[in-house]
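Here the structure comes first, spelled out in structure tokens, and everything after it is commentary.
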Amino acid sequence: MMEITLSHYLLLSAVIFTIGVVGVLTRRNILIIMMSVELMLNSANLTLIAFSHYLQNIDGMIFVFFTMTVAAAEVGVGLAIVMTIFRNKETLDVANLNILRN
Amino acid sequence: MQSFMFILLTIVTLFSALMVVTRKNPVASILYLVLVFFCFAGFYVMLGAQFLAAIQIIVYAGAIMVLFLFVVMLLNLRDMDNVEGKPNAWQNLGIFAGIGMGLVILAYLSGSPGMSIAPVGNNPEVYAMGSAKYLGKALFMDFVLPFEIAGVLLLAAVVGAVALAKKKRA
Amino acid sequence: MDYAILMILFPLLGVVLNGFFGNRWSGKAAGILASTMIGASFVVAVMITMQLIGMDPHHRMEEIKYFTWIKVGGLNLDFGFLIDPLTTVMILVVTGISTLIHIYSIGYMHGDSRMRLFFVYLNLFVFFMLVLVLGNSYPIMFIGWEGVGLASYLLIGFWWEDQSKAEAGMKAFVVNRIGDFGMLVAMFLLFSHLGTLTFTEVFDAAAIKWGHHIGNATITAITLMLLLGATGKSAQLPLYVWLPDAMAGPTPVSALIHAATMVTAGVYMIARSNLLYMLAPTSMTVVALVGGLTAFFAATIGLKQMDIKKVLAYSTVSQLGYMVMACGIGAFGAGVFHLMTHAFFKALLFLGSGAVIHTMHGALHHVHDHHTDPQDIRNMGGLRKYIPVTFSTFFIATLAIAGIPGLSGFFSKDEILAQSFASGNMLAYGLGLAAAVITAFYMFRLVFLTFYGEYKGPEGSAEGLHESPKSMTVPLIILAFLAIVGGYVGLPIVLGENVNLFHNYMHPVFAHGQEVVHHHANHLSHATEWLLIGISVAAALVGIFLAWTIYRKQGKVALPDAAQAGIDKVLLNKYYVDELYNFIVIKPLIGICNFAWKIFDAGFIDGILVLGSAKSVRWIGGGVRRLQTGVVGNYAFMLAVGILVLLIAFLVN
């Protein structure tokens with residue numbers, strides 16, 4: 001069987017990142033957009049850990065630790081905002097959230 | 001064994017990730033996303049980051065996804081049409097933009113040589129690096145200030161979330 | 001000596017406490033707090049001086065580095081202090097006199113609505129002044145240099161409700177900027193040629209680099225630029241014009257900043273850079289000339305001034321000229337000695353004048369007269385009977401500044417004159433001697449018109465003349481004591497080889513410079529020295545006698561401004577220097593500004609750039625507006641496209 005190299009992990013995380021980007025760009029449901037963002041964050045985490053392992057340097061892992069913290073905070077506040085939006089506008093469609101326009 | 005696990009996990013991950021962004025029902029997306037997170041935890045173990053794998057499951061698959069589910073439940077989305085309309089032209093273009101970005105990243109990677117990674121199981125030192133002990137030491141000694149600041153950030157997020165989600169008194 | 005930093009921290013603490021929390025307590029409490037802080041600094045200064053005196057005379061220098069301040073490229077600056085005899089003299093004078101003036105201000109500023117702010121500014125000033133004299137490098141000195149300028153500006157314009165006072169503050173600030181330009185250029189030159197700005201390193205490097213090229217163009221340029229800085233801060237020709245106007249500030253400010261401490265910064269700086277000046281004989285000559293001319297020129301203006309504080313202001317300029325002249329002839333020690341004695345008697349004179357103004361103010365208030373100028377000596381006279389303490393202290397200071405033997409001013413002034421004679425610079429000696437005569441004359445004119453004769457104030461106001469409160473008279477008495485005994489640390493050499501303690505104490509500071517250029521102090525024979533002392537005393541007596549003849553014996557009273565004619569009028573109008581500057585600097589500047597305003601600003605900038613750009617933005621915005629859909633998804637799309645383009649661009653490269 002083939003050997004798994006660093007490139008494999010980078011490739012995988014690139015693909016997942018792309019899926020996340022496509023999700024953000026094509027979907028209109030805020031919840032799903034947020035999930036896509038989580039996908040992107042996770043792919044970045046994977047890259048960091050892969051490099052951390054490759055370079056035998058713990059800094060990458062520490063960075064992932066902080067990314068997770070920030071992601072948790074982001075989701076917490078983000079979902080609270082989603083709740084408020086839904087309560088006020090009865091919708092989760094970003095296309096309808098265009099009060100910035102006026 | 002290593003490569004077999006990798007391929008298996010990759011297939012599951014890619015499939016679930018695609019499902020996350022394509023399902024119409026948010027609940028389905030959430031469940032697929034949980035699956036993605038589990039797979040990621042698997043990758044982390046393979047890369048010798050056992051502690052982070054555990055954190056991944058607890059924080060992401062546990063806490064964050066439960067939060068998503070709760071929100072969906074609280075919002076009481078009966079009428080899906082109200083939630084998301086038909087994609088417009090911009091969004092169709094988005095597919096190309098996203099895929100284009102992915103292709104460019106792949107183009108970057110294509111130039112890189114196959115840098116081999118030491119298998120975790122064979123090397124006790126590598127194995128030790130991802131342990132809670134080692135990470136904890138680094139966190140509380142070299143990175144103690146960012147660690148404390150992260151704590152403050154979380155506190156701010158908690159306060160912010162409560163303040164935002166609280167029903168306004170009429 | 002690490003605790004030296006306490007000296008600057010106490011005033012800073014005063015600024016913080018009074019500035020941020022002071023609105024909870026009264027102005028008087030703020031004053032007491034501020035005075036306590038400066039008093040504490042004074043105690044620290046005394047401790048440091050004692051410690052320094054206890055050291056071996058040849059190693060009386062300590063450099064304390066607190067922290068790395070700037071570390072960029074080749075520039076490596078520590079925030080640190082340099083403590084040597086010169087520094088200790090300065091810190092003792094600054095903190096000592098500041099303490100007295102702070103106490104005095106509690107009485108003087110009593111009842112002012114912004115009394116607390118006044119003490120905040122005063123403490124701020126002391127803080128910066130101490131940074132100036134303690135700093136171990138040119139940039140740290142420059143911080144203090146600019147900081148005292150700021151404090152001076154704030155305090156001159158302290159009563160900014162009066163337009164002319166606010167303008168006087170601005171004038172001081174702007175004129176000082178010209179000097180600061182010189183300082184900066186000098187620092188740039190020093191750094192580019194020597195690669196360092198720390199005093200000790202600069203002097204060592206300069207001695208090596210130019211020790212065998214004395215009079216080199218670079219070092220001459222550096223020292224001349226430093227002199228430009230000194231002329232700004234120490235009010236020398238041609239930048240002295242701000243100091244008389246600075247008298248618009250409260251009198252304690254005039255005493256502290258514009259007589260005793262800040263204006264001596266230029267002299268301190270030249271004395272500190274003595275080695276550099278020794279390497280540039282041309283600059284030395286220029287310094288001596290500038291100082292001598294200023295001493296003479298300002299003294300002549302002082303002859304005809306009617307405002308009690310203006311007389312003292314021109315006298316200050318003149319005395320500063322003496323100090324600068326002393327530096328110019330290589331007698332740095334004598335310059336610093338005069339700096340010290342002058343600080344005592346000139347602070348005393350200013351505080352005395354403040355007490356006189358305070359008294360006059362009270363008297364005029366008594367008869368509800370708000371038109372008569374309480375500072376005009378033509379409205380005074382005979383005050384001796386009403387305010388004996390103020391009079392006697394003022395009189396002592398006058399004797400001291402006139403150079404009557406036995407008082408501090410005599411010793412220092414005589415030393416400068418003797419040294420200038422010894423140096424062979426007869427022009428300097430002549431100017432100094434002439435200035436001495438004139439000084440004695442106008443000072444006694446001031447005393448006679450103010451304290452003798454008949455009271456000339458508005459009718460009935462004499463009953464309102466009262467001695468000032470204790471907090472004002474006690475500092476006067478202490479300063480009078482200092483003005484008498486302050487000179488005995490530096491007795492003339494002619495009385496014995498080791499009687500000039502001050503000179504011996506200061507010697508290590510200037511020894512290095514003298515070694516580098518193989519300079520030997522010119523020694524005069526005893527007979528010549530006695531002769532010179534005799535001439536100095538005679539000069540003072542001539543001045544006093546003339547004043548007595550004109551203002552006491554003939555009872556001449558100064559005429560109103562309009563009745564002045566001839567040379568009197570020229571002197572009264574200060575040689576029309578302000579008008580001259582107005583004509584050659586300000587008028588053309590206003591012309592240029594007008595051009596810039598009407599043609600360039602209104603036509604080009606406003607018309608084409610401002611309105612034109614606004615119009616084009618509006619036009620373009622009208623088109624681009626369509627891109628702003630307000631839908632988040634579209635923005636995300638744009639973002640992704642942007643990242644894509646960047647990625648491709650990097651990839652192609």
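Residue numbering restarts at 1 for every chain of the structure tokens, chains are lettered A, B, ... in their displayed order, and ligands are numbered from 1 as they appear.
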
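Selected on chain A by distance to chain B: Ile4, Thr5, Leu6, Ser7, Thr18, Val21, Val22, Gly23, Leu25, Thr26, Arg28, Asn29, Tyr54, Ala73, Val77, Ala80, Thr91, Leu92 and Asp93 of chain A (within 6 Å, counting only C-alpha atoms).
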
I need the chosen residues saved as a short mmCIF file (atom, residue, chain, number, x, y, z; two decimals), in the first residue's frame, with all heavy atoms.
data_model
loop_
_atom_site.label_atom_id
_atom_site.label_comp_id
_atom_site.auth_asym_id
_atom_site.auth_seq_id
_atom_site.Cartn_x
_atom_site.Cartn_y
_atom_site.Cartn_z
N ILE A 4 1.43 7.33 3.35
CA ILE A 4 0.68 8.58 3.52
C ILE A 4 1.68 9.69 3.83
O ILE A 4 2.42 9.61 4.82
CB ILE A 4 -0.32 8.46 4.68
CG1 ILE A 4 -1.27 7.30 4.45
CG2 ILE A 4 -1.08 9.77 4.84
CD1 ILE A 4 -2.07 7.43 3.19
N THR A 5 1.70 10.72 2.98
CA THR A 5 2.66 11.81 3.20
C THR A 5 1.92 13.08 3.64
O THR A 5 0.69 13.12 3.67
CB THR A 5 3.44 12.13 1.92
OG1 THR A 5 2.50 12.60 0.97
CG2 THR A 5 4.13 10.91 1.37
N LEU A 6 2.71 14.05 3.96
CA LEU A 6 2.16 15.35 4.36
C LEU A 6 1.24 15.88 3.27
O LEU A 6 0.18 16.44 3.53
CB LEU A 6 3.30 16.34 4.62
CG LEU A 6 2.92 17.77 4.96
CD1 LEU A 6 2.14 17.79 6.27
CD2 LEU A 6 4.14 18.64 5.06
N SER A 7 1.65 15.68 2.01
CA SER A 7 0.87 16.21 0.90
C SER A 7 -0.55 15.66 0.89
O SER A 7 -1.48 16.38 0.54
CB SER A 7 1.54 15.86 -0.43
OG SER A 7 2.86 16.31 -0.41
N THR A 18 -12.31 23.90 0.17
CA THR A 18 -13.06 24.29 -1.02
C THR A 18 -14.55 24.00 -0.85
O THR A 18 -15.40 24.83 -1.19
CB THR A 18 -12.53 23.54 -2.25
OG1 THR A 18 -11.12 23.68 -2.28
CG2 THR A 18 -13.14 24.08 -3.51
N VAL A 21 -15.94 26.69 1.21
CA VAL A 21 -16.10 27.94 0.48
C VAL A 21 -17.34 27.87 -0.41
O VAL A 21 -18.16 28.80 -0.44
CB VAL A 21 -14.85 28.23 -0.37
CG1 VAL A 21 -15.11 29.41 -1.30
CG2 VAL A 21 -13.67 28.51 0.52
N VAL A 22 -17.45 26.76 -1.12
CA VAL A 22 -18.61 26.61 -2.00
C VAL A 22 -19.90 26.70 -1.18
O VAL A 22 -20.87 27.35 -1.57
CB VAL A 22 -18.53 25.29 -2.77
CG1 VAL A 22 -19.83 25.01 -3.51
CG2 VAL A 22 -17.37 25.32 -3.75
N GLY A 23 -19.89 26.08 -0.02
CA GLY A 23 -21.06 26.13 0.84
C GLY A 23 -21.41 27.56 1.22
O GLY A 23 -22.56 27.97 1.14
N LEU A 25 -20.68 30.23 -0.31
CA LEU A 25 -21.06 31.06 -1.45
C LEU A 25 -22.43 30.69 -2.02
O LEU A 25 -23.14 31.53 -2.56
CB LEU A 25 -20.01 30.99 -2.55
CG LEU A 25 -18.66 31.61 -2.20
CD1 LEU A 25 -17.72 31.51 -3.39
CD2 LEU A 25 -18.84 33.06 -1.81
N THR A 26 -22.77 29.42 -1.97
CA THR A 26 -23.99 29.00 -2.67
C THR A 26 -25.21 28.92 -1.78
O THR A 26 -26.33 29.05 -2.27
CB THR A 26 -23.78 27.63 -3.33
OG1 THR A 26 -23.33 26.73 -2.33
CG2 THR A 26 -22.75 27.71 -4.43
N ARG A 28 -28.01 29.91 1.18
CA ARG A 28 -28.58 31.15 1.67
C ARG A 28 -29.09 31.02 3.10
O ARG A 28 -29.52 32.00 3.69
CB ARG A 28 -29.72 31.59 0.74
CG ARG A 28 -29.16 32.03 -0.60
CD ARG A 28 -30.22 32.11 -1.66
NE ARG A 28 -31.22 33.12 -1.33
CZ ARG A 28 -32.17 33.48 -2.19
NH1 ARG A 28 -32.25 32.93 -3.37
NH2 ARG A 28 -33.05 34.39 -1.86
N ASN A 29 -29.04 29.81 3.62
CA ASN A 29 -29.45 29.60 4.99
C ASN A 29 -28.29 29.93 5.94
O ASN A 29 -27.20 29.34 5.83
CB ASN A 29 -29.86 28.14 5.16
CG ASN A 29 -30.41 27.85 6.53
OD1 ASN A 29 -30.06 28.53 7.49
ND2 ASN A 29 -31.28 26.86 6.61
N TYR A 54 4.62 17.01 11.22
CA TYR A 54 5.72 16.88 10.25
C TYR A 54 6.98 17.56 10.80
O TYR A 54 8.08 17.01 10.72
CB TYR A 54 5.31 17.51 8.94
CG TYR A 54 6.41 17.59 7.92
CD1 TYR A 54 6.93 16.43 7.34
CD2 TYR A 54 6.95 18.82 7.55
CE1 TYR A 54 7.95 16.50 6.43
CE2 TYR A 54 7.96 18.89 6.63
CZ TYR A 54 8.46 17.73 6.07
OH TYR A 54 9.47 17.80 5.16
N ALA A 73 -16.40 30.44 20.64
CA ALA A 73 -16.94 31.76 20.94
C ALA A 73 -17.74 32.27 19.76
O ALA A 73 -18.83 32.83 19.91
CB ALA A 73 -15.80 32.72 21.28
N VAL A 77 -21.75 33.29 19.86
CA VAL A 77 -22.28 34.61 19.56
C VAL A 77 -23.06 34.59 18.25
O VAL A 77 -24.14 35.18 18.14
CB VAL A 77 -21.13 35.64 19.50
CG1 VAL A 77 -21.66 36.99 19.10
CG2 VAL A 77 -20.43 35.72 20.84
N ALA A 80 -26.46 33.22 18.65
CA ALA A 80 -27.30 34.18 19.36
C ALA A 80 -27.81 35.24 18.38
O ALA A 80 -28.98 35.64 18.42
CB ALA A 80 -26.52 34.84 20.49
N THR A 91 -36.98 34.99 9.23
CA THR A 91 -36.33 34.33 8.10
C THR A 91 -34.88 34.03 8.45
O THR A 91 -34.29 34.67 9.32
CB THR A 91 -36.38 35.21 6.84
OG1 THR A 91 -35.72 34.50 5.79
CG2 THR A 91 -35.67 36.53 7.05
N LEU A 92 -34.31 33.05 7.75
CA LEU A 92 -32.90 32.76 7.91
C LEU A 92 -32.17 32.94 6.58
O LEU A 92 -31.00 32.60 6.45
CB LEU A 92 -32.69 31.32 8.39
CG LEU A 92 -33.02 31.07 9.85
CD1 LEU A 92 -32.74 29.62 10.20
CD2 LEU A 92 -32.21 31.98 10.75
N ASP A 93 -32.88 33.48 5.60
CA ASP A 93 -32.31 33.62 4.26
C ASP A 93 -31.48 34.89 4.18
O ASP A 93 -32.01 35.99 4.37
CB ASP A 93 -33.44 33.65 3.24
CG ASP A 93 -32.90 33.55 1.82
OD1 ASP A 93 -31.69 33.81 1.65
OD2 ASP A 93 -33.66 33.19 0.94
#

key: region 236-353 of chain C: residues DSSP assigns to alpha helix (DSSP H), reported as a ChimeraX atom specification   = /C:242-245,251-255,265-272,274-278,281-302,308-328,332-353

request  = Could you list the residues in chain C lying within 9 Å of chain B, using only C-alpha atoms, and format the result as a PyMOL selection string?
outcome  = chain C and resi 633-634+636-637+640-641+643-645+647-648+651

Restrict the selected residues to N, CA, C and O atoms and save them as a short mmCIF file (atom, residue, chain, number, x, y, z; two decimals), in the first residue's frame.
data_model
loop_
_atom_site.label_atom_id
_atom_site.label_comp_id
_atom_site.auth_asym_id
_atom_site.auth_seq_id
_atom_site.Cartn_x
_atom_site.Cartn_y
_atom_site.Cartn_z
N GLY C 633 -24.33 37.43 0.99
CA GLY C 633 -23.81 36.39 0.10
C GLY C 633 -23.00 36.98 -1.04
O GLY C 633 -21.94 36.45 -1.38
N ASN C 634 -23.48 38.08 -1.58
CA ASN C 634 -22.76 38.68 -2.70
C ASN C 634 -21.41 39.23 -2.26
O ASN C 634 -20.43 39.15 -3.00
N ALA C 636 -19.65 38.00 0.16
CA ALA C 636 -18.80 36.82 0.33
C ALA C 636 -18.26 36.37 -1.01
O ALA C 636 -17.09 36.00 -1.14
N PHE C 637 -19.12 36.45 -2.02
CA PHE C 637 -18.68 36.05 -3.36
C PHE C 637 -17.54 36.94 -3.84
O PHE C 637 -16.51 36.46 -4.32
N ALA C 640 -14.40 36.04 -2.13
CA ALA C 640 -13.80 34.82 -2.65
C ALA C 640 -13.11 35.09 -3.98
O ALA C 640 -11.98 34.62 -4.21
N VAL C 641 -13.75 35.87 -4.82
CA VAL C 641 -13.13 36.18 -6.12
C VAL C 641 -11.83 36.93 -5.90
O VAL C 641 -10.81 36.65 -6.55
N ILE C 643 -9.82 36.80 -3.30
CA ILE C 643 -8.78 35.87 -2.83
C ILE C 643 -8.28 35.03 -3.99
O ILE C 643 -7.07 34.80 -4.15
N LEU C 644 -9.20 34.61 -4.84
CA LEU C 644 -8.84 33.80 -6.00
C LEU C 644 -7.84 34.53 -6.87
O LEU C 644 -6.80 33.98 -7.27
N VAL C 645 -8.15 35.80 -7.15
CA VAL C 645 -7.27 36.60 -8.01
C VAL C 645 -5.89 36.69 -7.37
O VAL C 645 -4.86 36.51 -8.04
N LEU C 647 -4.49 34.65 -5.22
CA LEU C 647 -3.82 33.36 -5.27
C LEU C 647 -3.23 33.11 -6.65
O LEU C 647 -2.09 32.66 -6.78
N ILE C 648 -4.02 33.42 -7.67
CA ILE C 648 -3.51 33.21 -9.04
C ILE C 648 -2.30 34.10 -9.29
O ILE C 648 -1.30 33.66 -9.86
N LEU C 651 0.60 32.60 -7.74
CA LEU C 651 0.97 31.37 -8.43
C LEU C 651 1.74 31.69 -9.70
O LEU C 651 2.75 31.07 -10.00
#

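Taking only C-alpha atoms, the non-local environment of Ile178 (chain C) within 9 Å (same-chain residues fewer than 6 positions away omitted) comprises C:Leu228, C:Gly229, C:Gly232, C:Leu239.
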
request  = Between CA of Met83 (chain A) and CA of Leu627 (chain C), measure the distance and give it in Å to one decimal.
outcome  = 28.8 Å

message = Would you pick out the contacts of Asp2 (chain C) at 10 Å or less, using only C-alpha atoms, so that residues sharing its chain but fewer than 5 positions from it are not included, and give the list as number ranges by chain?
response = C: 48, 62-66, 80-81

May I have the residues from that selection written out with C-alpha atoms, as a tab-separated table (two decimals), in the first residue's frame?
chain	number	residue	atom	x	y	z
C	48	ILE	CA	22.18	62.34	46.21
C	62	GLU	CA	27.64	57.95	38.22
C	63	GLU	CA	25.59	56.82	35.29
C	64	ILE	CA	22.40	54.97	36.14
C	65	LYS	CA	20.58	53.05	33.43
C	66	TYR	CA	16.98	52.22	34.14
C	80	GLY	CA	19.18	56.73	32.34
C	81	PHE	CA	20.53	59.49	34.52

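Within 8 Å of region 531-536 of chain C, once only C-alpha atoms are used and residues closer than 5 positions along the same chain are dropped, the contacting residues are Gly403, Asp414, Leu417, Ala418, Leu433 and Ala436 of chain C.
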
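Near Trp210 (chain C), within a cut-off of 10 Å and counting only C-alpha atoms, sit the residues Asn216, Thr218, Ile219, Leu276, Leu279, Ala280, Val516 and Val517 of chain C, with same-chain residues fewer than 6 positions away left out.
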
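The environment of Ala30 (chain C) within 10 Å, counting only C-alpha atoms and disregarding residues fewer than 5 places along the same chain, consists of Gly14, Val15, Leu17, Asn18, Gly19, Phe21, Gly22, Asn23, Arg24, Trp25, Ser35, Thr36, Ile106, Met115, Arg116, Leu117, Phe118, Phe119 and Val120 of chain C.
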
So which residues of region 48-253 of chain C fall under strand (DSSP E or B) by DSSP, listed as a short mmCIF file (atom, residue, chain, number, x, y, z; two decimals) with N, CA, C and O atoms, in the first residue's frame?
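selection.cif, written as the output of this step:
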data_model
loop_
_atom_site.label_atom_id
_atom_site.label_comp_id
_atom_site.auth_asym_id
_atom_site.auth_seq_id
_atom_site.Cartn_x
_atom_site.Cartn_y
_atom_site.Cartn_z
N GLU C 62 28.32 59.24 38.22
CA GLU C 62 27.64 57.95 38.22
C GLU C 62 26.57 57.98 37.13
O GLU C 62 25.79 58.93 37.02
N GLU C 63 26.60 56.93 36.33
CA GLU C 63 25.59 56.82 35.29
C GLU C 63 24.66 55.68 35.68
O GLU C 63 25.10 54.56 35.94
N ILE C 64 23.37 55.98 35.73
CA ILE C 64 22.40 54.97 36.14
C ILE C 64 21.52 54.68 34.93
O ILE C 64 20.94 55.60 34.35
N LYS C 65 21.43 53.41 34.56
CA LYS C 65 20.58 53.05 33.43
C LYS C 65 19.36 52.32 33.95
O LYS C 65 19.49 51.31 34.64
N TYR C 66 18.20 52.83 33.61
CA TYR C 66 16.98 52.22 34.14
C TYR C 66 16.40 51.18 33.19
O TYR C 66 16.11 50.08 33.57
N PHE C 67 16.22 51.56 31.95
CA PHE C 67 15.71 50.57 31.01
C PHE C 67 16.08 50.99 29.59
O PHE C 67 16.46 52.13 29.37
N THR C 68 16.01 50.02 28.68
CA THR C 68 16.31 50.33 27.29
C THR C 68 15.14 51.09 26.72
O THR C 68 14.00 50.65 26.82
N TRP C 69 15.45 52.24 26.15
CA TRP C 69 14.36 53.11 25.69
C TRP C 69 14.13 52.92 24.20
O TRP C 69 13.06 52.54 23.77
N ILE C 70 15.18 53.15 23.42
CA ILE C 70 15.05 52.98 21.97
C ILE C 70 16.18 52.07 21.52
O ILE C 70 17.32 52.26 21.91
N LYS C 71 15.83 51.08 20.72
CA LYS C 71 16.88 50.24 20.17
C LYS C 71 16.51 49.99 18.71
O LYS C 71 15.76 49.08 18.39
N VAL C 72 16.99 50.85 17.85
CA VAL C 72 16.67 50.74 16.43
C VAL C 72 17.97 50.86 15.66
O VAL C 72 18.70 51.83 15.82
N LEU C 75 21.11 52.81 16.69
CA LEU C 75 20.80 53.67 17.83
C LEU C 75 20.41 52.80 19.02
O LEU C 75 19.50 51.99 18.95
N ASN C 76 21.14 52.98 20.09
CA ASN C 76 20.85 52.18 21.28
C ASN C 76 20.80 53.12 22.47
O ASN C 76 21.82 53.53 22.99
N LEU C 77 19.59 53.47 22.87
CA LEU C 77 19.45 54.47 23.92
C LEU C 77 18.84 53.84 25.16
O LEU C 77 17.83 53.16 25.09
N ASP C 78 19.49 54.11 26.28
CA ASP C 78 18.90 53.70 27.55
C ASP C 78 18.24 54.91 28.16
O ASP C 78 18.67 56.04 27.95
N PHE C 79 17.18 54.64 28.93
CA PHE C 79 16.67 55.73 29.75
C PHE C 79 17.50 55.71 31.01
O PHE C 79 17.44 54.77 31.80
N GLY C 80 18.30 56.73 31.19
CA GLY C 80 19.18 56.73 32.34
C GLY C 80 19.52 58.13 32.79
O GLY C 80 19.23 59.11 32.10
N PHE C 81 20.13 58.20 33.96
CA PHE C 81 20.53 59.49 34.52
C PHE C 81 22.04 59.56 34.58
O PHE C 81 22.71 58.54 34.74
N LEU C 82 22.54 60.76 34.44
CA LEU C 82 23.96 61.00 34.64
C LEU C 82 24.08 61.92 35.84
O LEU C 82 23.55 63.02 35.83
N ILE C 83 24.72 61.43 36.88
CA ILE C 83 24.83 62.26 38.08
C ILE C 83 26.28 62.63 38.30
O ILE C 83 27.13 61.76 38.51
N GLY C 135 18.96 63.66 32.65
CA GLY C 135 19.11 62.74 31.53
C GLY C 135 20.56 62.47 31.18
O GLY C 135 21.41 63.35 31.31
N SER C 137 21.54 61.48 28.16
CA SER C 137 21.80 61.56 26.73
C SER C 137 21.05 62.76 26.17
O SER C 137 20.16 63.30 26.82
N THR C 198 24.51 59.27 23.81
CA THR C 198 24.71 59.30 25.25
C THR C 198 25.87 60.22 25.57
O THR C 198 26.90 60.16 24.89
#

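Going from CA of Ala45 (chain C) to CA of Lys28 (chain C) covers 25.4 Å.
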
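Of the listed residues B:Ile149, B:Met5, B:Ile57, B:Val12, the one whose atoms come nearest to Ile16 (chain A) is B:Val12, with distances taken using only C-alpha atoms.
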
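When only C-alpha atoms are used to compute distances to Val94 (chain A), the closest of the residues A:Ile33, A:Phe51, A:Leu79, A:Leu46 turns out to be A:Ile33.
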